[in-house]
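J.: My structure is below; once you've seen it, I'll send some questions.
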Amino acid sequence: MNILSPSLLSIDFNNIERDATILDKAGAQWFHLDVMDGTFVPNISFGPPVIKSIRKITDRFFDVHLMIVEPIRYVDVFKDAGAQMLTVHYEACEDLEATIYAIKKAGMKVGVSIKPNTPVTVLKDYISMIDMVLVMSVEPGFGGQKFMPDAIDKIKQVKALSEEYNKELYIQVDGGITLDNVKTVIDAGANVIVAGSAVFNGDITSNVNKFYEVMNG
Ligand code: DX5
Ligand code: ZN
């Protein structure tokens with residue numbers, strides 16, 4: 001069963017409670033929370049206090065995508081805010097292994113993400129220690145960008161690594177996913193789908209239902 005993790009970067013921030021409740025009731029299993037620091041990426045989004053507020057609205061699994069430099073500094077802060085998984089960027093960590101272990105020690109699942117120009121090969125030494133790889137299919141920083149097709153081959157490479165070193169691995173794809181390309185990324189090996197604008201533009205419930213139809217049909 002493939003997982004849908006809608007990105008709340010595209011939620012209506014004037015109506016977070018209303019729309020997060022709709023999303024929960026529509027059946028989205030995970031909530032993808034994009035944290036940006038204005039340094040690792042040019043944009044700034046939201047941080048722990050906002051995540052803590054959303055935690056009060058839903059019991060869904062919180063998959064927090066940290067687009068921040070040296071995320072090891074904030075592991076406990078995000079744990080306290082209600083995160084159940086922290087995904088850090090390979091490019092943002094001085095000591096990735098220490099960061100992975102700090103997240104595990106705090107009792108959360110751990111993901112490692114690579115930007116479009118980072119090759120999958122850098123992950124080989126880490127794949128057996130982590131729960132998820134996130135393949136970015138846009139340059140991180142903004143919602144609503146166009147899917148970069150090179151991601152398809154990278155997902156296949158991650159899938160091959162997973163078969164060799166970690167069969168339980170979640171393979172997540174994030175950026176520009178729509179109802180038109182979601183089947184392609186699943187066929188390549190992705191099993192956790194992030195979608196922001198394609199879920200929140202229009203009717204949330206009907207969008208979630210349509211995603212599940214295509215993803216698990
Ligand atoms: C981009 C974020 C994504 C983004 C996805 O840096 O990591 O999660 O919100 O949005 P869409 O699906 O609109 O590309
Ligand atoms: Zn994201």
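Chain lettering (A, B, ...) mirrors the order of the structure tokens, residue numbering begins at 1 for each chain separately, and ligand numbering begins at 1 in order of display.
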Show me which residues are within 9 Å of ligand 2 counting only C-alpha atoms and all ligand atoms, and format the list as JSON, numbers by chain.

T.: {"A": [7, 8, 9, 32, 33, 34, 35, 64, 65, 66, 67, 134, 136, 140, 141, 142, 143, 173, 174, 175, 194, 195, 196]}

J.: Fewer than 5 positions away in the same chain doesn't count, so skip those; otherwise give me all residues within 10 Å of Tyr212 of chain A, counting only C-alpha atoms, as a ChimeraX atom specification.

T.: /A:1-4,27-28,179,206-207,217

J.: Keeping only C-alpha atoms, write the selected residues to a file as a PDB file, in the first residue's frame.

T.:
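Below is the file out_25.pdb, written as the result:
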```pdb
ATOM      1  CA  MET A   1       0.000   0.000   0.000  1.00  0.00           C
ATOM      2  CA  ASN A   2       1.526   3.269  -1.100  1.00  0.00           C
ATOM      3  CA  ILE A   3       1.361   6.234   1.241  1.00  0.00           C
ATOM      4  CA  LEU A   4       0.145   9.743   0.452  1.00  0.00           C
ATOM      5  CA  GLY A  27      -7.656   9.622   4.822  1.00  0.00           C
ATOM      6  CA  ALA A  28      -4.198  11.034   4.092  1.00  0.00           C
ATOM      7  CA  LEU A 179      -2.367  12.857 -10.847  1.00  0.00           C
ATOM      8  CA  SER A 206     -11.765  14.650  -3.865  1.00  0.00           C
ATOM      9  CA  ASN A 207      -8.071  15.223  -4.672  1.00  0.00           C
ATOM     10  CA  GLY A 217      -5.457   1.080  -8.340  1.00  0.00           C
TER      11      GLY A 217
END
```

J.: With only C-alpha atoms as the counted atoms, please give the residues lying no more than 7 Å from Ile155 of chain A, apart from itself and same-chain residues fewer than 2 positions off, as a PDB file with C-alpha atoms, in the first residue's frame.

T.:
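Ended up saving to out-v7.pdb:
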```
ATOM      1  CA  VAL A 135      14.317  12.000  -3.806  1.00  0.00           C
ATOM      2  CA  ALA A 151      14.046  11.951 -10.640  1.00  0.00           C
ATOM      3  CA  ILE A 152      12.555   8.805 -12.201  1.00  0.00           C
ATOM      4  CA  ASP A 153      15.947   7.245 -12.805  1.00  0.00           C
ATOM      5  CA  GLN A 157      18.583   3.628  -8.347  1.00  0.00           C
ATOM      6  CA  VAL A 158      17.321   4.036  -4.778  1.00  0.00           C
ATOM      7  CA  LYS A 159      15.020   1.043  -5.297  1.00  0.00           C
ATOM      8  CA  ALA A 188       9.835   3.425 -10.678  1.00  0.00           C
ATOM      9  CA  GLY A 189       9.765   2.351  -7.007  1.00  0.00           C
ATOM     10  CA  ALA A 190       8.448   5.271  -4.937  1.00  0.00           C
TER      11      ALA A 190
END
```

J.: Which residues are close to Glu70 of chain A, i.e. within 12 Å by only C-alpha atoms, leaving aside same-chain residues fewer than 4 positions away? Reply as a list in words.

T.: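 Non-adjacent residues within range: Asp37, Thr39, Phe40, Leu66, Tyr74, Val75, Val88, His89, Tyr90, Glu91, Ala92, Cys93, Glu94, Asp95, Leu96, Ala98, Thr99, Ile100 and Ala102 of chain A.
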
J.: So how far away is atom CA of Gln145 of chain A from atom 12 (O, counted along the ligand's line) of ligand 1, in Å?

T.: 7.4 Å
